[in-house]
Every structure is written in C-alpha cells, then in structure tokens.
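Student: Structure file target_30.csv, CSV, C-alpha atoms, is pasted below:
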```csv
chain,number,residue,atom,x,y,z
A,24,MET,CA,27.6,-17.3,9.3
A,25,ASP,CA,31.4,-16.7,9.8
A,26,SER,CA,30.5,-14.7,13.0
A,27,THR,CA,28.6,-17.5,14.8
A,28,GLU,CA,30.0,-19.4,17.7
A,29,PRO,CA,31.5,-21.7,16.5
A,30,PRO,CA,31.8,-20.3,13.0
A,31,PHE,CA,29.4,-21.7,10.4
A,32,SER,CA,27.2,-23.3,13.1
A,33,GLU,CA,24.4,-25.5,12.0
A,34,ASP,CA,22.6,-25.0,15.3
A,35,ARG,CA,22.5,-21.3,14.9
A,36,TYR,CA,21.2,-21.7,11.3
A,37,LYS,CA,18.3,-23.9,12.5
A,38,GLU,CA,17.6,-21.4,15.3
A,39,ILE,CA,17.3,-18.5,12.9
A,40,ILE,CA,15.0,-20.5,10.6
A,41,LYS,CA,12.7,-21.3,13.5
A,42,GLU,CA,12.6,-17.7,14.7
A,43,VAL,CA,12.2,-16.0,11.3
A,44,SER,CA,9.6,-18.6,10.1
A,45,GLY,CA,7.4,-17.9,13.2
A,46,TYR,CA,7.6,-14.2,12.5
A,47,ILE,CA,6.9,-14.3,8.7
A,48,LYS,CA,4.0,-16.6,9.3
A,49,LYS,CA,2.4,-14.1,11.6
A,50,VAL,CA,2.6,-11.3,9.0
A,51,GLY,CA,1.0,-13.5,6.3
A,52,TYR,CA,3.8,-15.3,4.4
A,53,ASN,CA,4.2,-19.0,4.0
A,54,PRO,CA,7.6,-20.1,5.4
A,55,ALA,CA,7.6,-23.1,3.0
A,56,ALA,CA,7.9,-20.7,0.1
A,57,VAL,CA,10.9,-18.8,1.6
A,58,PRO,CA,14.4,-20.1,0.9
A,59,PHE,CA,16.9,-19.9,3.8
A,60,VAL,CA,20.5,-19.6,2.6
A,61,PRO,CA,23.4,-19.6,5.1
A,62,ILE,CA,26.0,-17.2,3.8
A,63,SER,CA,29.0,-15.2,4.6
A,64,GLY,CA,29.0,-11.9,2.8
A,65,TRP,CA,32.5,-11.1,4.0
A,66,HIS,CA,34.0,-14.4,2.6
A,67,GLY,CA,31.5,-15.1,-0.1
A,68,ASP,CA,30.3,-18.4,1.2
A,69,ASN,CA,27.2,-19.7,-0.6
A,70,MET,CA,26.8,-16.3,-2.4
A,71,ILE,CA,27.6,-17.4,-5.9
A,72,GLU,CA,29.3,-20.8,-5.4
A,73,LYS,CA,28.8,-23.6,-3.0
A,74,SER,CA,30.9,-23.3,0.2
A,75,SER,CA,33.0,-26.1,1.7
A,76,ASN,CA,32.7,-24.4,5.2
A,77,MET,CA,29.2,-25.8,5.7
A,78,PRO,CA,29.2,-29.5,4.8
A,79,TRP,CA,25.9,-29.9,6.8
A,80,TYR,CA,24.0,-27.6,4.4
A,81,LYS,CA,22.3,-29.6,1.6
A,82,GLY,CA,20.8,-26.7,-0.2
A,83,TRP,CA,17.4,-24.9,0.0
A,84,GLU,CA,14.0,-26.2,-1.2
A,85,ILE,CA,10.8,-24.2,-1.5
A,86,THR,CA,7.2,-25.0,-2.5
A,87,ARG,CA,5.1,-22.2,-4.1
A,88,VAL,CA,1.8,-22.1,-5.9
A,89,LYS,CA,2.1,-21.4,-9.6
A,90,ASP,CA,-1.0,-21.4,-11.9
A,91,GLY,CA,-3.0,-23.1,-9.2
A,92,LYS,CA,-0.5,-26.0,-8.7
A,93,ASN,CA,2.2,-26.6,-6.1
A,94,VAL,CA,5.7,-26.3,-7.7
A,95,THR,CA,8.9,-27.2,-5.9
A,96,GLU,CA,12.1,-25.2,-6.6
A,97,THR,CA,15.6,-26.2,-5.3
A,98,GLY,CA,18.9,-24.5,-5.2
A,99,TYR,CA,22.1,-23.9,-3.2
A,100,THR,CA,23.3,-20.3,-3.4
A,101,LEU,CA,21.9,-16.9,-2.7
A,102,LEU,CA,22.2,-16.0,-6.4
A,103,GLU,CA,20.1,-19.1,-7.3
A,104,ALA,CA,17.5,-18.1,-4.7
A,105,LEU,CA,17.3,-14.6,-6.2
A,106,ASP,CA,17.0,-16.0,-9.8
A,107,LYS,CA,14.0,-18.1,-8.7
A,108,MET,CA,12.1,-15.2,-7.2
A,109,GLU,CA,8.8,-14.4,-8.9
A,110,PRO,CA,8.5,-10.8,-10.0
A,111,PRO,CA,5.3,-9.2,-8.5
A,112,SER,CA,2.5,-8.7,-11.0
A,113,ARG,CA,1.4,-5.1,-11.7
A,114,PRO,CA,-2.3,-4.4,-11.1
A,115,THR,CA,-2.9,-3.0,-14.6
A,116,ASP,CA,-6.3,-4.6,-14.9
A,117,LYS,CA,-7.7,-2.5,-12.0
A,118,PRO,CA,-9.2,1.0,-12.4
A,119,LEU,CA,-6.7,3.9,-12.3
A,120,ARG,CA,-5.6,5.3,-8.9
A,121,ILE,CA,-2.8,7.9,-8.4
A,122,PRO,CA,-2.5,9.5,-5.0
A,123,LEU,CA,-1.0,12.9,-5.6
A,124,GLN,CA,2.4,13.7,-4.0
A,125,ASP,CA,2.5,17.3,-5.2
A,126,VAL,CA,1.2,19.7,-7.8
A,127,TYR,CA,3.4,22.1,-9.8
A,128,LYS,CA,2.7,25.1,-12.0
A,129,ILE,CA,5.2,25.0,-14.9
A,130,GLY,CA,5.7,28.0,-17.2
A,131,GLY,CA,4.6,27.4,-20.7
A,132,ILE,CA,3.0,24.0,-19.8
A,133,GLY,CA,0.5,24.6,-17.0
A,134,THR,CA,-0.6,22.5,-14.0
A,135,VAL,CA,1.3,19.3,-13.5
A,136,PRO,CA,0.2,16.9,-10.7
A,137,VAL,CA,2.8,14.3,-9.7
A,138,GLY,CA,2.4,10.9,-8.1
A,139,ARG,CA,2.9,7.1,-8.2
A,140,VAL,CA,0.6,5.1,-10.3
A,141,GLU,CA,-0.8,2.5,-7.8
A,142,THR,CA,-3.3,0.7,-10.0
A,143,GLY,CA,-4.4,0.9,-13.6
A,144,ILE,CA,-2.9,2.8,-16.6
A,145,ILE,CA,-2.8,6.5,-17.4
A,146,ARG,CA,-2.6,7.8,-21.0
A,147,PRO,CA,-2.6,11.2,-22.7
A,148,GLY,CA,-6.2,12.1,-23.8
A,149,MET,CA,-7.7,10.2,-20.9
A,150,VAL,CA,-10.4,12.0,-18.8
A,151,VAL,CA,-9.5,11.8,-15.1
A,152,THR,CA,-11.4,12.7,-11.9
A,153,PHE,CA,-9.7,14.1,-8.9
A,154,ALA,CA,-11.2,13.1,-5.5
A,155,PRO,CA,-12.3,14.2,-3.0
A,156,HIS,CA,-13.5,17.4,-4.8
A,157,GLY,CA,-14.8,15.6,-7.9
A,158,LEU,CA,-12.9,17.8,-10.4
A,159,THR,CA,-12.9,16.1,-13.9
A,160,THR,CA,-10.5,17.1,-16.7
A,161,GLU,CA,-8.4,15.8,-19.6
A,162,VAL,CA,-4.8,14.6,-19.4
A,163,LYS,CA,-2.7,16.5,-22.0
A,164,SER,CA,0.6,14.6,-21.5
A,165,VAL,CA,2.3,12.1,-19.2
A,166,GLU,CA,6.0,12.2,-18.4
A,167,MET,CA,8.5,10.2,-16.3
A,168,HIS,CA,12.0,11.5,-15.6
A,169,HIS,CA,11.5,14.2,-18.3
A,170,GLU,CA,10.5,11.7,-20.9
A,171,ALA,CA,7.1,11.7,-22.6
A,172,LEU,CA,5.1,8.5,-22.2
A,173,THR,CA,2.2,7.1,-24.3
A,174,GLU,CA,1.1,5.2,-21.1
A,175,ALA,CA,2.3,4.8,-17.5
A,176,PHE,CA,1.9,1.6,-15.4
A,177,PRO,CA,1.7,0.7,-11.6
A,178,GLY,CA,5.0,1.6,-9.9
A,179,ASP,CA,5.8,4.5,-12.3
A,180,ASN,CA,6.3,7.9,-10.6
A,181,VAL,CA,4.8,10.3,-13.2
A,182,GLY,CA,3.9,13.9,-13.8
A,183,PHE,CA,0.9,14.6,-16.0
A,184,ASN,CA,-0.3,17.9,-17.5
A,185,VAL,CA,-4.0,18.6,-17.0
A,186,LYS,CA,-6.2,21.1,-18.9
A,187,ASN,CA,-8.2,24.0,-17.4
A,188,VAL,CA,-7.1,23.2,-13.8
A,189,SER,CA,-5.4,25.6,-11.4
A,190,VAL,CA,-2.8,24.5,-8.8
A,191,LYS,CA,-5.3,25.8,-6.2
A,192,ASP,CA,-7.9,23.2,-7.3
A,193,ILE,CA,-5.9,20.1,-6.5
A,194,ARG,CA,-3.3,19.3,-3.8
A,195,ARG,CA,-1.2,16.6,-2.2
A,196,GLY,CA,-3.5,13.8,-0.8
A,197,ASN,CA,-6.0,14.0,-3.7
A,198,VAL,CA,-6.5,10.9,-5.8
A,199,ALA,CA,-6.7,10.8,-9.6
A,200,GLY,CA,-8.7,8.1,-11.3
A,201,ASP,CA,-10.4,7.3,-14.7
A,202,SER,CA,-13.7,9.2,-14.8
A,203,LYS,CA,-15.3,6.3,-16.8
A,204,ASN,CA,-14.1,3.4,-14.8
A,205,ASP,CA,-14.9,3.4,-11.0
A,206,PRO,CA,-13.8,7.0,-10.5
A,207,PRO,CA,-12.6,7.9,-7.0
A,208,LYS,CA,-15.0,9.7,-4.7
A,209,GLU,CA,-15.1,11.6,-1.5
A,210,THR,CA,-15.4,9.5,1.7
A,211,GLU,CA,-18.2,10.2,4.1
A,212,SER,CA,-17.1,7.5,6.6
A,213,PHE,CA,-15.3,4.2,6.6
A,214,THR,CA,-15.0,1.1,8.7
A,215,ALA,CA,-11.5,-0.3,9.5
A,216,GLN,CA,-9.8,-2.9,11.6
A,217,VAL,CA,-7.2,-1.2,13.8
A,218,ILE,CA,-4.5,-2.5,16.1
A,219,VAL,CA,-3.4,-0.1,18.9
A,220,MET,CA,0.4,-0.3,19.1
A,221,ASN,CA,1.6,2.5,21.3
A,222,HIS,CA,-1.0,4.6,23.1
A,223,PRO,CA,-0.3,5.7,26.7
A,224,GLY,CA,-4.0,5.8,27.7
A,225,GLU,CA,-7.4,4.5,26.5
A,226,ILE,CA,-9.0,5.3,23.1
A,227,LYS,CA,-12.7,6.0,23.3
A,228,ASN,CA,-15.5,7.1,20.9
A,229,GLY,CA,-14.8,10.7,19.8
A,230,TYR,CA,-10.9,10.3,19.7
A,231,SER,CA,-9.6,12.5,16.8
A,232,PRO,CA,-6.0,11.7,15.8
A,233,VAL,CA,-4.4,12.3,12.4
A,234,LEU,CA,-4.5,9.6,9.8
A,235,ASP,CA,-1.7,9.0,7.3
A,236,CYS,CA,-3.3,7.1,4.4
A,237,HIS,CA,-1.5,7.1,1.0
A,238,THR,CA,-0.3,10.7,0.6
A,239,ALA,CA,-3.2,12.2,2.7
A,240,HIS,CA,-2.6,13.5,6.2
A,241,ILE,CA,-6.0,14.3,7.7
A,242,ALA,CA,-7.6,14.2,11.2
A,243,CYS,CA,-10.4,11.6,11.5
A,244,LYS,CA,-12.7,10.9,14.4
A,245,PHE,CA,-13.2,7.5,15.9
A,246,ASN,CA,-17.0,7.8,15.6
A,247,GLU,CA,-17.8,4.4,17.0
A,248,ILE,CA,-15.7,1.4,18.3
A,249,THR,CA,-18.1,-1.3,17.2
A,250,GLU,CA,-16.2,-4.5,18.1
A,251,LYS,CA,-13.2,-5.6,20.1
A,252,LEU,CA,-11.2,-8.5,18.4
A,253,ASP,CA,-8.8,-11.2,19.5
A,254,ARG,CA,-5.6,-9.9,18.0
A,255,ARG,CA,-4.3,-13.2,16.8
A,256,SER,CA,-7.4,-15.0,15.6
A,257,GLY,CA,-9.4,-11.9,14.5
A,258,LYS,CA,-12.5,-13.2,16.2
A,259,LYS,CA,-15.0,-10.9,18.0
A,260,ILE,CA,-14.6,-10.9,21.8
A,261,GLU,CA,-16.8,-7.9,22.7
A,262,ASP,CA,-19.5,-5.7,21.2
A,263,ASN,CA,-19.4,-1.9,21.5
A,264,PRO,CA,-16.4,-1.7,24.0
A,265,LYS,CA,-16.2,1.5,26.0
A,266,SER,CA,-12.5,1.8,25.2
A,267,ILE,CA,-9.4,0.1,23.6
A,268,LYS,CA,-5.8,0.3,24.7
A,269,SER,CA,-2.3,-0.7,23.5
A,270,GLY,CA,-2.3,-4.3,22.3
A,271,ASP,CA,-6.0,-4.3,21.4
A,272,ALA,CA,-7.5,-4.9,18.0
A,273,ALA,CA,-10.9,-3.5,17.1
A,274,ILE,CA,-13.4,-2.7,14.3
A,275,VAL,CA,-13.9,1.1,14.2
A,276,GLU,CA,-16.1,3.5,12.2
A,277,LEU,CA,-14.1,6.6,11.3
A,278,VAL,CA,-15.3,10.0,10.0
A,279,PRO,CA,-12.8,12.4,8.3
A,280,SER,CA,-12.7,16.0,9.5
A,281,LYS,CA,-11.9,17.3,6.0
A,282,PRO,CA,-12.6,16.0,2.5
A,283,LEU,CA,-10.7,12.7,2.0
A,284,CYS,CA,-10.6,9.9,-0.5
A,285,VAL,CA,-9.8,6.3,0.7
A,286,GLU,CA,-10.6,2.8,-0.6
A,287,THR,CA,-11.0,-0.7,0.8
A,288,PHE,CA,-7.8,-2.6,1.3
A,289,GLN,CA,-9.2,-5.5,-0.7
A,290,GLN,CA,-9.8,-3.4,-3.8
A,291,TYR,CA,-6.9,-1.0,-3.7
A,292,PRO,CA,-4.3,-2.0,-1.0
A,293,PRO,CA,-2.2,1.1,-1.2
A,294,LEU,CA,-5.2,3.3,-0.5
A,295,GLY,CA,-6.7,1.0,2.1
A,296,ARG,CA,-4.0,1.0,4.8
A,297,PHE,CA,-3.2,3.7,7.3
A,298,ALA,CA,-1.2,4.8,10.3
A,299,VAL,CA,-2.8,6.7,13.2
A,300,ARG,CA,-0.5,9.5,14.4
A,301,ASP,CA,-0.7,11.3,17.8
A,302,MET,CA,1.8,12.8,20.2
A,303,LYS,CA,4.5,12.7,17.5
A,304,GLN,CA,4.3,8.9,17.2
A,305,THR,CA,2.4,6.1,15.5
A,306,VAL,CA,-0.2,5.0,18.0
A,307,ALA,CA,-2.1,2.5,15.8
A,308,VAL,CA,-2.3,1.0,12.3
A,309,GLY,CA,-5.3,-0.2,10.3
A,310,VAL,CA,-6.8,-1.6,7.2
A,311,ILE,CA,-10.0,-0.4,5.6
A,312,LYS,CA,-12.8,-2.9,5.4
A,313,SER,CA,-15.6,-0.8,3.9
A,314,VAL,CA,-16.1,2.8,2.6
A,315,ASN,CA,-19.3,4.9,2.6
A,316,LYS,CA,-18.8,7.3,-0.3
A,317,LYS,CA,-20.5,10.6,-0.9
A,318,ALA,CA,-22.9,11.0,-3.9
A,319,ASP,CA,-21.4,12.4,-7.2
A,320,ALA,CA,-20.9,16.2,-7.0
A,321,GLY,CA,-18.1,17.8,-8.9
A,322,LYS,CA,-16.9,20.2,-11.6
A,323,LEU,CA,-16.4,19.2,-15.2
A,324,THR,CA,-13.8,21.4,-17.0
A,325,LYS,CA,-14.3,22.6,-20.6
A,326,SER,CA,-11.8,20.1,-21.9
A,327,ALA,CA,-13.6,17.2,-20.2
A,328,GLN,CA,-16.9,18.5,-21.7
A,329,LYS,CA,-15.3,18.6,-25.2
A,330,VAL,CA,-14.0,15.0,-24.9
A,331,ALA,CA,-17.5,13.9,-23.8
A,332,LYS,CA,-19.1,15.6,-26.8
A,333,LYS,CA,-16.7,14.0,-29.3
A,334,LYS,CA,-17.6,10.5,-28.0
```
Show this structure as structure tokens.

Tutor:
Amino acid sequence: MDSTEPPFSEDRYKEIIKEVSGYIKKVGYNPAAVPFVPISGWHGDNMIEKSSNMPWYKGWEITRVKDGKNVTETGYTLLEALDKMEPPSRPTDKPLRIPLQDVYKIGGIGTVPVGRVETGIIRPGMVVTFAPHGLTTEVKSVEMHHEALTEAFPGDNVGFNVKNVSVKDIRRGNVAGDSKNDPPKETESFTAQVIVMNHPGEIKNGYSPVLDCHTAHIACKFNEITEKLDRRSGKKIEDNPKSIKSGDAAIVELVPSKPLCVETFQQYPPLGRFAVRDMKQTVAVGVIKSVNKKADAGKLTKSAQKVAKKK
C-alpha cells in the first residue's frame, strides 16, 4: 500500500477488492469468505500490528460455512487472517490412489515405486493393484524421507517396496490403489468438459494431442465432440458441433492411444483434471465427467496370492 498514489490510498484498496473479487468468483471461490488486508510488507503496516497510516481501514470481516452454519470471523492484521484460515481436510476416507512419479530398483531392497498419496491411506502388508495393467501385489514397507512409516496419508510423498514386481512391470503414470476397495482400472474411454485456451486453428473429431493427467503423459483422440457449451453458464448451445476453437467449451469423448488410468473429477479430483498439450504449449484444459473402465484383467503376484489365502 505504500507504493499507491497517493500512498495508502483507500480508493486503490477498494479497486483491488472489486477486481480480485470478480476473478475469484469466476474460479469458484466465495469473495465473502476471503479477507482483504491492506498491508505494506516493506514497512510492516497491518502485518502483525494495526497501522496508523490507514485510518480508513476498519478491519476485515468474513463469513464462512462451518458444520452447516454461517460463521462470521473478524480481524485486523495479516497474521490474524492467517491464524483464522481453515486447514484443508485430507481425503483419508476415500479409496487409495497414488499416481506413480517414478520406479526405482534398490539393491538389497527391490522395486520401489514413488509417488504422492492423493487419497486414502497406504500401509505395509496392504495388497495394492497397479493400473492400467492390473498388476496386484503386496506392500512390504512404506518410507518417507528415509523414515519407515506404519501408514501414509494424502499429501505424503512416499516410496513403498513391493514384492515380486520388476521395475519393467510398472512405470511413471501408473496408479496404485487398494485391491479390495475400488481398485484403479484401465480406462477404455472417458467423457470430459474441456475449454480451448490457445489453439491456432479448429479442433475436430479425430484430433489426437497429448494429455497430461496426474503423472501420465499419453496421446488421446478426441473421438467425438458431443456438445458445445456456453463457457460462462455451462449450458448446452449446440449438439455435435463440427469443430471447436479458442474460447469454446465443449463436452468431448476421448480415447487413449495407450493404456491409461484416469478417474472422474468428482470422485478423485487430482486424477480427474488434465491439460491438453500440442505444439509445445497448453491448448486446452479439462475435467473428467465420466469414465468407461475396462473389465478386470490382470496379474496376481505370488505374495498377493499368499495374502489372499491367509484371509
């Protein structure tokens, strides 16, 4: 605020609130739940203590939903606003999903896939399935930063040792999940809502760019553009359009060119959003609405069979 004209300008503060509120509303946030604090990081105004340079500022007030009820929070400084932030809840109640970032072969230990736990919990002794190939095996151990864990939660970047699996069997882009609780499967096709951001021409049926979805990087064919949508309201404006271009939104059926595992955005958000890459740039983004999964077909390792017999 010290760099505004004049310094600590109330008009500029109001202007920023108006601009930013409009933007965050478009991307799905409620401006009434966002505190706006006028500060000067250089001079420390309203960072930790109330500033005398902005007598017009009466503090911030937000309204957020807590346990189904509207709750009002107030404060003055940036520190108070940070203290009142609600920590995001970890989706531990959902089935396990770990998109693999890499797979290592470690001497004396064996095959160690690494990745970020997106949903669910992973524990030693658990039987996991790797999609899209349907390989099922037992987890020997779980580590994070060279420290053994009894369980790992969403947000943890872990390495886990698996039995009877070669580094050639699994790779980056595969997804690990609990074999007994909604195991991940190979995707035959999926329907997504896409927004074309930066494409020089027109996109038609048969277009085959590369999709970056979680850690997977695989070419997918726009099999059928089924609907053209109003970008702002999301309402259908045309059935089976011949093409879409920059600025358009559409419902599209996509078919992977190689084995791939994705999920719906509603069930597993990190595995249900993607970027469309072509010509060394992101040409579109999308969220997955529905997934057509292939029937079960995979390999059970000896360790997984032993665990199944014990139970």

Student: Set the distance at 8 Å and use all atoms listed in the file: which residues neighbour range 197-201 of chain A once local chain neighbours fewer than 5 positions away are removed? I'd like the list as an mmCIF file with C-alpha atoms, keeping the file's coordinate frame.

Tutor:
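Output below, filename part_31.cif:
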```cif
data_model
loop_
_atom_site.group_PDB
_atom_site.id
_atom_site.type_symbol
_atom_site.label_atom_id
_atom_site.label_comp_id
_atom_site.auth_asym_id
_atom_site.auth_seq_id
_atom_site.Cartn_x
_atom_site.Cartn_y
_atom_site.Cartn_z
ATOM 1 C CA PRO A 118 -9.200 1.000 -12.400
ATOM 2 C CA LEU A 119 -6.700 3.900 -12.300
ATOM 3 C CA ARG A 120 -5.600 5.300 -8.900
ATOM 4 C CA ILE A 121 -2.800 7.900 -8.400
ATOM 5 C CA PRO A 122 -2.500 9.500 -5.000
ATOM 6 C CA LEU A 123 -1.000 12.900 -5.600
ATOM 7 C CA MET A 149 -7.700 10.200 -20.900
ATOM 8 C CA VAL A 150 -10.400 12.000 -18.800
ATOM 9 C CA VAL A 151 -9.500 11.800 -15.100
ATOM 10 C CA THR A 152 -11.400 12.700 -11.900
ATOM 11 C CA PHE A 153 -9.700 14.100 -8.900
ATOM 12 C CA ALA A 154 -11.200 13.100 -5.500
ATOM 13 C CA PRO A 155 -12.300 14.200 -3.000
ATOM 14 C CA PRO A 206 -13.800 7.000 -10.500
ATOM 15 C CA PRO A 207 -12.600 7.900 -7.000
ATOM 16 C CA THR A 238 -0.300 10.700 0.600
ATOM 17 C CA ALA A 239 -3.200 12.200 2.700
ATOM 18 C CA LEU A 283 -10.700 12.700 2.000
ATOM 19 C CA CYS A 284 -10.600 9.900 -0.500
#
```

Student: Need to verify the contact set: Pro279 in chain A, 9 Å, only C-alpha atoms, exclusion of same-chain residues closer than 5 positions in sequence. Can you return it as a ChimeraX atom specification?

Tutor: /A:210-213,234,241-244

Student: From the list A:Glu42, A:Glu286, A:Asp106, A:Asp262, which residue is nearest Lys312 in chain A when using all atoms listed in the file?

Tutor: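 Looking at the shortest contact to Lys312 in chain A, the residue is A:Glu286.
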
Student: Against range 288-292 of chain A, which residues of range 72-116 of chain A fall within 12 Å? For each one I want the closest pair of atoms and the distance in Å (one decimal), counting only C-alpha atoms, rows by chain and increasing residue number, as a Markdown table.

Tutor:
```
| residue | atom | partner | partner_atom | distance |
| --- | --- | --- | --- | --- |
| A:Pro114 | CA | A:Tyr291 | CA | 9.4 |
| A:Thr115 | CA | A:Tyr291 | CA | 11.8 |
| A:Asp116 | CA | A:Gln290 | CA | 11.7 |
```

Student: For a test of reading the model, state the distance in Å between CA of Glu141 in chain A and CA of Cys236 in chain A, rounded to one decimal.

Tutor: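 Taking CA of Glu141 in chain A as the start and CA of Cys236 in chain A as the end point, the length is 13.3 Å.
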
Student: Using Å and a single decimal, report how far CA of Asn228 in chain A sits from CA of Ser266 in chain A.

Tutor: 7.5 Å

Student: Just checking: using only C-alpha atoms, which residue out of A:Asn184, A:Thr249, A:Thr95, A:Thr305 ends up closest to Lys128 in chain A?

Tutor: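 Using only C-alpha atoms, the shortest distance to Lys128 in chain A belongs to A:Asn184.
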
Student: Pick out the closest residue to Met302 in chain A from this set: A:Pro78, A:Pro223, A:Pro147, A:Gly196. Count all atoms listed in the file.

Tutor: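 Closest candidate: A:Pro223.
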
Student: If you measure from CA of Lys265 in chain A to CA of Val308 in chain A, what distance in Å do you get, rounded to one decimal?

Tutor: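 Taking CA of Lys265 in chain A as the start and CA of Val308 in chain A as the end point, the length is 19.5 Å.
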
Student: Given the point (30.2, -26.8, 0.5) in the file's coordinates, find the residues that have an atom at most 12 Å from it, counting only C-alpha atoms, and give them as a VMD selection string.

Tutor: chain A and resid 31 61 to 62 67 to 82 99 to 100

Student: Tell me which of A:Leu158, A:Ile40, A:Ile226, A:Val233 sits closest to Ser280 in chain A, counting all atoms listed in the file.

Tutor: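 Smallest separation from Ser280 in chain A among the options: A:Val233.
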
Student: Need to verify the contact set: Gly270 in chain A, 12 Å, only C-alpha atoms, exclusion of same-chain residues closer than 5 positions in sequence. Can you return it as a VMD selection string?

Tutor: chain A and resid 217 to 226 251 to 255 306 to 308

Student: Which residue is closest to Ala215 in chain A? Choose from A:Glu247, A:Glu276, A:Glu261, A:Glu174 and count all atoms listed in the file.

Tutor: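 Smallest separation from Ala215 in chain A among the options: A:Glu276.
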